[in-house]
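Okay, upload_8.cif now, which holds mmCIF, N, CA and C atoms and all ligand atoms:
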```cif
data_target
loop_
_atom_site.label_atom_id
_atom_site.label_comp_id
_atom_site.auth_asym_id
_atom_site.auth_seq_id
_atom_site.Cartn_x
_atom_site.Cartn_y
_atom_site.Cartn_z
N MET A 1 123.97 -23.37 -21.82
CA MET A 1 123.61 -21.97 -22.05
C MET A 1 124.08 -21.12 -20.88
N PRO A 2 125.08 -20.27 -21.07
CA PRO A 2 125.57 -19.46 -19.94
C PRO A 2 124.50 -18.46 -19.51
N PRO A 3 124.49 -18.12 -18.24
CA PRO A 3 123.49 -17.17 -17.78
C PRO A 3 123.78 -15.75 -18.23
N PHE A 4 122.75 -14.98 -18.30
CA PHE A 4 122.89 -13.55 -18.60
C PHE A 4 122.57 -12.78 -17.33
N TYR A 5 123.40 -11.84 -17.01
CA TYR A 5 123.14 -10.97 -15.87
C TYR A 5 122.78 -9.61 -16.42
N SER A 6 121.88 -8.95 -15.71
CA SER A 6 121.60 -7.58 -16.14
C SER A 6 122.49 -6.63 -15.37
N TYR A 7 122.95 -5.64 -16.04
CA TYR A 7 123.80 -4.60 -15.46
C TYR A 7 123.20 -3.24 -15.75
N CYS A 8 123.49 -2.33 -14.86
CA CYS A 8 123.06 -0.94 -15.01
C CYS A 8 124.27 -0.04 -14.91
N HIS A 9 124.31 0.99 -15.73
CA HIS A 9 125.32 2.02 -15.53
C HIS A 9 125.00 2.79 -14.25
N LEU A 10 126.02 3.17 -13.51
CA LEU A 10 125.77 3.96 -12.30
C LEU A 10 125.29 5.36 -12.68
N GLU A 11 125.77 5.83 -13.79
CA GLU A 11 125.27 7.10 -14.30
C GLU A 11 124.78 6.87 -15.72
N ASP A 12 123.70 7.50 -16.03
CA ASP A 12 123.13 7.34 -17.37
C ASP A 12 124.14 7.79 -18.42
N PRO A 13 124.56 6.87 -19.30
CA PRO A 13 125.55 7.27 -20.31
C PRO A 13 125.00 8.23 -21.35
N ALA A 14 123.70 8.45 -21.33
CA ALA A 14 123.05 9.44 -22.20
C ALA A 14 123.51 9.34 -23.66
N GLY A 15 123.44 8.14 -24.16
CA GLY A 15 123.75 7.96 -25.57
C GLY A 15 125.21 7.70 -25.85
N ALA A 16 126.08 7.86 -24.83
CA ALA A 16 127.51 7.66 -25.05
C ALA A 16 127.87 6.18 -25.12
N CYS A 17 126.97 5.32 -24.65
CA CYS A 17 127.25 3.89 -24.64
C CYS A 17 126.34 3.18 -25.62
N PRO A 18 126.91 2.37 -26.49
CA PRO A 18 126.08 1.68 -27.48
C PRO A 18 125.12 0.67 -26.85
N ALA A 19 125.42 0.24 -25.60
CA ALA A 19 124.56 -0.76 -24.95
C ALA A 19 123.35 -0.14 -24.28
N GLY A 20 123.35 1.19 -24.09
CA GLY A 20 122.24 1.82 -23.39
C GLY A 20 122.45 1.76 -21.89
N PHE A 21 121.49 2.31 -21.13
CA PHE A 21 121.62 2.40 -19.68
C PHE A 21 121.70 1.02 -19.04
N GLU A 22 120.84 0.15 -19.46
CA GLU A 22 120.85 -1.22 -18.95
C GLU A 22 121.24 -2.16 -20.05
N PHE A 23 121.99 -3.18 -19.69
CA PHE A 23 122.33 -4.17 -20.71
C PHE A 23 122.49 -5.51 -20.04
N GLU A 24 122.56 -6.53 -20.84
CA GLU A 24 122.75 -7.85 -20.29
C GLU A 24 124.09 -8.38 -20.74
N TRP A 25 124.70 -9.15 -19.88
CA TRP A 25 126.03 -9.66 -20.19
C TRP A 25 126.08 -11.13 -19.87
N GLU A 26 126.55 -11.88 -20.81
CA GLU A 26 126.67 -13.32 -20.64
C GLU A 26 127.87 -13.59 -19.75
N GLN A 27 127.68 -14.44 -18.77
CA GLN A 27 128.74 -14.59 -17.79
C GLN A 27 128.84 -16.04 -17.35
N VAL A 28 130.04 -16.54 -17.30
CA VAL A 28 130.23 -17.87 -16.74
C VAL A 28 130.48 -17.72 -15.25
N ALA A 29 130.12 -18.75 -14.49
CA ALA A 29 130.08 -18.64 -13.02
C ALA A 29 131.41 -18.20 -12.42
N ARG A 30 132.52 -18.59 -12.99
CA ARG A 30 133.79 -18.24 -12.38
C ARG A 30 134.21 -16.79 -12.62
N ASP A 31 133.54 -16.13 -13.52
CA ASP A 31 133.86 -14.72 -13.76
C ASP A 31 133.46 -13.86 -12.57
N LEU A 32 134.27 -12.87 -12.26
CA LEU A 32 133.87 -11.87 -11.28
C LEU A 32 132.83 -10.97 -11.94
N PRO A 33 131.93 -10.42 -11.14
CA PRO A 33 130.97 -9.48 -11.73
C PRO A 33 131.69 -8.32 -12.40
N LEU A 34 131.13 -7.84 -13.45
CA LEU A 34 131.70 -6.67 -14.10
C LEU A 34 131.59 -5.46 -13.19
N THR A 35 132.59 -4.62 -13.21
CA THR A 35 132.49 -3.35 -12.48
C THR A 35 132.53 -2.18 -13.45
N VAL A 36 133.03 -2.44 -14.64
CA VAL A 36 132.99 -1.40 -15.67
C VAL A 36 132.31 -1.96 -16.90
N CYS A 37 131.68 -1.08 -17.62
CA CYS A 37 130.96 -1.47 -18.82
C CYS A 37 131.94 -1.96 -19.90
N PRO A 38 131.68 -3.15 -20.43
CA PRO A 38 132.56 -3.64 -21.49
C PRO A 38 132.42 -2.84 -22.79
N HIS A 39 131.39 -2.03 -22.87
CA HIS A 39 131.14 -1.27 -24.11
C HIS A 39 131.76 0.11 -24.07
N CYS A 40 131.66 0.78 -22.90
CA CYS A 40 132.13 2.17 -22.86
C CYS A 40 133.10 2.45 -21.71
N GLY A 41 133.27 1.48 -20.78
CA GLY A 41 134.25 1.67 -19.72
C GLY A 41 133.75 2.41 -18.50
N ALA A 42 132.49 2.84 -18.51
CA ALA A 42 131.93 3.54 -17.34
C ALA A 42 131.60 2.52 -16.25
N LYS A 43 131.45 2.99 -15.01
CA LYS A 43 131.14 2.10 -13.91
C LYS A 43 129.73 1.53 -14.03
N VAL A 44 129.62 0.26 -13.71
CA VAL A 44 128.32 -0.39 -13.76
C VAL A 44 128.14 -1.23 -12.48
N GLU A 45 126.92 -1.57 -12.19
CA GLU A 45 126.69 -2.54 -11.12
C GLU A 45 125.73 -3.61 -11.62
N ARG A 46 125.89 -4.78 -11.03
CA ARG A 46 125.05 -5.88 -11.46
C ARG A 46 123.67 -5.74 -10.83
N GLY A 47 122.67 -6.07 -11.61
CA GLY A 47 121.31 -6.02 -11.08
C GLY A 47 121.13 -7.01 -9.95
N LEU A 48 120.08 -6.79 -9.17
CA LEU A 48 119.86 -7.64 -8.00
C LEU A 48 119.24 -8.98 -8.37
N THR A 49 118.67 -9.02 -9.52
CA THR A 49 118.01 -10.26 -9.91
C THR A 49 119.02 -11.36 -10.16
N ALA A 50 118.61 -12.56 -9.85
CA ALA A 50 119.46 -13.72 -10.12
C ALA A 50 119.66 -13.86 -11.62
N ALA A 51 120.59 -14.69 -11.93
CA ALA A 51 120.87 -14.92 -13.35
C ALA A 51 119.62 -15.41 -14.06
N THR A 52 119.43 -14.87 -15.21
CA THR A 52 118.34 -15.37 -16.03
C THR A 52 118.94 -16.21 -17.14
N ILE A 53 118.29 -17.28 -17.43
CA ILE A 53 118.78 -18.11 -18.52
C ILE A 53 117.78 -18.00 -19.64
N ARG A 54 118.29 -17.53 -20.72
CA ARG A 54 117.35 -17.28 -21.79
C ARG A 54 118.12 -17.38 -23.10
N PRO A 55 117.51 -18.02 -24.04
CA PRO A 55 118.24 -18.23 -25.30
C PRO A 55 118.48 -16.94 -26.04
N ARG A 56 119.55 -16.93 -26.77
CA ARG A 56 119.80 -15.79 -27.65
C ARG A 56 118.74 -15.78 -28.74
N LYS A 57 118.64 -14.65 -29.37
CA LYS A 57 117.78 -14.58 -30.54
C LYS A 57 118.50 -15.26 -31.70
N PHE A 58 117.85 -16.25 -32.23
CA PHE A 58 118.45 -16.89 -33.38
C PHE A 58 118.08 -16.13 -34.65
N ASN A 59 118.89 -16.35 -35.64
CA ASN A 59 118.69 -15.58 -36.87
C ASN A 59 117.29 -15.75 -37.45
N CYS A 60 116.77 -17.00 -37.34
CA CYS A 60 115.45 -17.23 -37.92
C CYS A 60 114.38 -16.47 -37.13
N GLU A 61 114.59 -16.32 -35.81
CA GLU A 61 113.62 -15.55 -35.03
C GLU A 61 113.67 -14.08 -35.42
N LEU A 62 114.89 -13.59 -35.61
CA LEU A 62 115.04 -12.19 -36.03
C LEU A 62 114.28 -11.96 -37.32
N LYS A 63 114.41 -12.93 -38.21
CA LYS A 63 113.75 -12.80 -39.50
C LYS A 63 112.24 -12.77 -39.32
N ASP A 64 111.75 -13.67 -38.45
CA ASP A 64 110.30 -13.70 -38.20
C ASP A 64 109.82 -12.39 -37.59
N LEU A 65 110.69 -11.77 -36.83
CA LEU A 65 110.32 -10.51 -36.20
C LEU A 65 110.44 -9.33 -37.16
N GLY A 66 110.93 -9.61 -38.38
CA GLY A 66 111.00 -8.56 -39.39
C GLY A 66 112.33 -7.83 -39.41
N PHE A 67 113.33 -8.37 -38.70
CA PHE A 67 114.64 -7.74 -38.71
C PHE A 67 115.47 -8.26 -39.87
N THR A 68 116.36 -7.43 -40.34
CA THR A 68 117.37 -7.87 -41.29
C THR A 68 118.70 -7.77 -40.57
N LYS A 69 119.43 -8.88 -40.54
CA LYS A 69 120.73 -8.88 -39.87
C LYS A 69 121.81 -9.10 -40.91
N LEU A 70 122.79 -8.20 -40.91
CA LEU A 70 123.90 -8.32 -41.84
C LEU A 70 125.16 -8.65 -41.07
N VAL A 71 125.92 -9.61 -41.56
CA VAL A 71 127.18 -9.97 -40.93
C VAL A 71 128.30 -9.61 -41.89
N ARG A 72 129.25 -8.83 -41.40
CA ARG A 72 130.33 -8.37 -42.25
C ARG A 72 131.26 -9.54 -42.56
N VAL A 73 131.48 -9.81 -43.82
CA VAL A 73 132.38 -10.89 -44.20
C VAL A 73 133.67 -10.36 -44.82
N ASP A 74 133.62 -9.16 -45.33
CA ASP A 74 134.81 -8.58 -45.95
C ASP A 74 134.58 -7.08 -46.00
N ASP A 75 135.60 -6.36 -46.43
CA ASP A 75 135.45 -4.91 -46.47
C ASP A 75 134.35 -4.54 -47.44
N GLY A 76 133.29 -3.97 -46.91
CA GLY A 76 132.18 -3.54 -47.76
C GLY A 76 131.27 -4.66 -48.22
N LEU A 77 131.53 -5.88 -47.69
CA LEU A 77 130.72 -7.02 -48.11
C LEU A 77 130.06 -7.64 -46.88
N PHE A 78 128.77 -7.83 -46.95
CA PHE A 78 128.01 -8.33 -45.81
C PHE A 78 127.18 -9.53 -46.24
N GLU A 79 127.04 -10.48 -45.34
CA GLU A 79 126.12 -11.58 -45.60
C GLU A 79 124.80 -11.27 -44.91
N ASN A 80 123.74 -11.39 -45.66
CA ASN A 80 122.40 -11.18 -45.11
C ASN A 80 121.94 -12.52 -44.54
N VAL A 81 122.10 -12.69 -43.22
CA VAL A 81 121.79 -13.98 -42.60
C VAL A 81 120.30 -14.15 -42.35
N THR A 82 119.52 -13.11 -42.58
CA THR A 82 118.07 -13.23 -42.45
C THR A 82 117.42 -13.09 -43.83
N ARG A 83 118.15 -13.56 -44.80
CA ARG A 83 117.72 -13.40 -46.20
C ARG A 83 116.33 -13.97 -46.43
N ARG A 84 115.53 -13.21 -47.10
CA ARG A 84 114.20 -13.64 -47.49
C ARG A 84 114.22 -13.99 -48.98
N PRO A 85 113.19 -14.70 -49.42
CA PRO A 85 113.17 -15.04 -50.85
C PRO A 85 113.30 -13.78 -51.71
N GLY A 86 114.14 -13.85 -52.72
CA GLY A 86 114.31 -12.71 -53.61
C GLY A 86 115.42 -11.77 -53.18
N GLU A 87 115.97 -11.98 -51.97
CA GLU A 87 117.07 -11.12 -51.54
C GLU A 87 118.40 -11.81 -51.82
N GLU A 88 119.41 -10.96 -52.02
CA GLU A 88 120.74 -11.49 -52.27
C GLU A 88 121.35 -12.02 -50.98
N LYS A 89 122.15 -13.09 -51.09
CA LYS A 89 122.83 -13.61 -49.90
C LYS A 89 123.92 -12.65 -49.44
N TYR A 90 124.62 -12.08 -50.40
CA TYR A 90 125.70 -11.16 -50.07
C TYR A 90 125.35 -9.76 -50.52
N ILE A 91 125.62 -8.82 -49.63
CA ILE A 91 125.34 -7.42 -49.90
C ILE A 91 126.67 -6.73 -50.12
N ASP A 92 126.84 -6.17 -51.29
CA ASP A 92 128.08 -5.46 -51.59
C ASP A 92 127.77 -3.97 -51.52
N ARG A 93 128.52 -3.28 -50.65
CA ARG A 93 128.26 -1.86 -50.46
C ARG A 93 128.39 -1.08 -51.76
N ARG A 94 129.18 -1.59 -52.67
CA ARG A 94 129.39 -0.88 -53.93
C ARG A 94 128.34 -1.22 -54.98
N ARG A 95 127.47 -2.20 -54.64
CA ARG A 95 126.45 -2.62 -55.63
C ARG A 95 125.07 -2.49 -55.01
N PRO A 96 124.44 -1.33 -55.21
CA PRO A 96 123.14 -1.08 -54.58
C PRO A 96 122.08 -2.12 -54.94
N GLU A 97 122.23 -2.77 -56.07
CA GLU A 97 121.22 -3.75 -56.46
C GLU A 97 121.21 -4.98 -55.56
N THR A 98 122.28 -5.13 -54.73
CA THR A 98 122.31 -6.26 -53.82
C THR A 98 121.69 -5.94 -52.46
N PHE A 99 121.31 -4.67 -52.25
CA PHE A 99 120.75 -4.29 -50.95
C PHE A 99 119.37 -4.93 -50.78
N PRO A 100 119.08 -5.39 -49.56
CA PRO A 100 117.72 -5.89 -49.35
C PRO A 100 116.71 -4.76 -49.44
N ASP A 101 115.51 -5.10 -49.81
CA ASP A 101 114.46 -4.09 -49.92
C ASP A 101 113.91 -3.80 -48.54
N LEU A 102 114.49 -2.82 -47.87
CA LEU A 102 114.08 -2.54 -46.50
C LEU A 102 112.69 -1.96 -46.41
N SER A 103 112.22 -1.40 -47.51
CA SER A 103 110.87 -0.83 -47.46
C SER A 103 109.82 -1.90 -47.23
N LYS A 104 110.19 -3.16 -47.56
CA LYS A 104 109.24 -4.25 -47.35
C LYS A 104 109.23 -4.72 -45.90
N THR A 105 110.37 -4.53 -45.21
CA THR A 105 110.50 -5.15 -43.91
C THR A 105 110.45 -4.16 -42.75
N VAL A 106 110.74 -2.91 -43.03
CA VAL A 106 110.72 -1.93 -41.95
C VAL A 106 109.42 -1.15 -42.03
N LYS A 107 108.65 -1.30 -41.00
CA LYS A 107 107.38 -0.57 -40.96
C LYS A 107 107.48 0.50 -39.91
N ASP A 108 106.80 1.61 -40.14
CA ASP A 108 106.87 2.70 -39.15
C ASP A 108 106.12 2.27 -37.90
ZN ZN B 201 128.49 1.43 -21.27
#
```

Just give me the structure of the file as structure tokens.
Amino acid sequence: MPPFYSYCHLEDPAGACPAGFEFEWEQVARDLPLTVCPHCGAKVERGLTAATIRPRKFNCELKDLGFTKLVRVDDGLFENVTRRPGEEKYIDRRRPETFPDLSKTVKD
């Protein structure tokens, strides 16, 4: 399991970066620390904390947490890897009947 390092943007990207102000980056020991954000290209610095080793979220955990994760398999076609009973395995953007029922899983 490669370690994850936490990084911070030197300046708050204020929504311009999909990773947010702080993010974690998986890094193998021989890699040099990142100096720019792999997501938006802005300058970043590595957090002072030592590497943390922590497992990724597995699909089944995401499901238990109530998330729906879709993986794109083709243009407009997604696999619902956190499929619950009664949900379609493949979601076709052109076929609304294949969409998971998000009202059941997303709570305010
Ligand atoms: Zn960024």

Could you list, with a cut-off of 6.5 Å and counting only N, CA and C atoms and all ligand atoms, the residues of chain A near ligand ZN 201 (chain B), each shown with its nearest atom pair and the distance in Å rounded to one decimal, rows sorted by chain and ascending number, as JSON lines?
```
{"residue": "A:Ala16", "atom": "C", "partner": "B:ZN201", "partner_atom": "ZN", "distance": 6.1}
{"residue": "A:Cys17", "atom": "CA", "partner": "B:ZN201", "partner_atom": "ZN", "distance": 4.4}
{"residue": "A:Pro18", "atom": "N", "partner": "B:ZN201", "partner_atom": "ZN", "distance": 5.5}
{"residue": "A:Ala19", "atom": "N", "partner": "B:ZN201", "partner_atom": "ZN", "distance": 5.4}
{"residue": "A:Gly20", "atom": "N", "partner": "B:ZN201", "partner_atom": "ZN", "distance": 5.9}
{"residue": "A:Cys37", "atom": "CA", "partner": "B:ZN201", "partner_atom": "ZN", "distance": 4.5}
{"residue": "A:Pro38", "atom": "N", "partner": "B:ZN201", "partner_atom": "ZN", "distance": 5.6}
{"residue": "A:His39", "atom": "C", "partner": "B:ZN201", "partner_atom": "ZN", "distance": 4.5}
{"residue": "A:Cys40", "atom": "N", "partner": "B:ZN201", "partner_atom": "ZN", "distance": 3.6}
{"residue": "A:Gly41", "atom": "N", "partner": "B:ZN201", "partner_atom": "ZN", "distance": 4.8}
{"residue": "A:Ala42", "atom": "N", "partner": "B:ZN201", "partner_atom": "ZN", "distance": 5.1}
```

Correct to one decimal, the distance CA of Arg94 (chain A)-atom N of Lys69 (chain A) is 18.5 Å

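One distance worth recording is that between atom C of Tyr90 (chain A) and CA of Leu65 (chain A), which is 20.8 Å.
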
- Hey, what's within 8 Å of Glu22 (chain A) if we count all atoms listed in the file and toss same-chain stuff fewer than 2 positions away? As a PyMOL selection string, please? chain A and resi 6-9+12-13+19-20+24-25

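Here the selection is built from only C-alpha atoms, and the residues within 12 Å of (132.6, -4.7, -45.6) turn out to be Leu70, Val71, Arg72, Val73, Asp74, Asp75, Gly76, Leu77, Phe78, Glu79, Tyr90, Ile91, Asp92, Arg93, Arg94 and Arg95 of chain A.
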
Please write out, as JSON, where the centre of an axis-aligned box around all listed atoms of region 98-101 of chain A lies and how long its edges are, in Å to one decimal, after adding 4 Å on each side.
```
{"center_x": 118.1, "center_y": -5.0, "center_z": -51.6, "size_x": 16.4, "size_y": 10.5, "size_z": 14.2}
```

Excluding Leu10 (chain A) and any residue of its chain fewer than 4 positions from it, enumerate the residues within 8 Å of it, using all atoms listed in the file, and give them as a PyMOL selection string. chain A and resi 21+42-45

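What separates CA of Gly47 (chain A) from atom C of Arg30 (chain A) is a distance of 16.9 Å.
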
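If only C-alpha atoms are the atoms counted, then among A:Val36, A:Asp31, A:Gly86, A:Asp101 the closest residue to Gly66 (chain A) is A:Asp101.
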
Across A:Asn80, A:Thr98, A:Val28, A:Thr68, the smallest distance to Phe4 (chain A), with all atoms listed in the file counted, is shown by A:Val28

Counting all atoms listed in the file, closest pick from A:Gln27, A:Pro100, A:Ala14, A:Leu34 relative to Glu88 (chain A) is A:Pro100
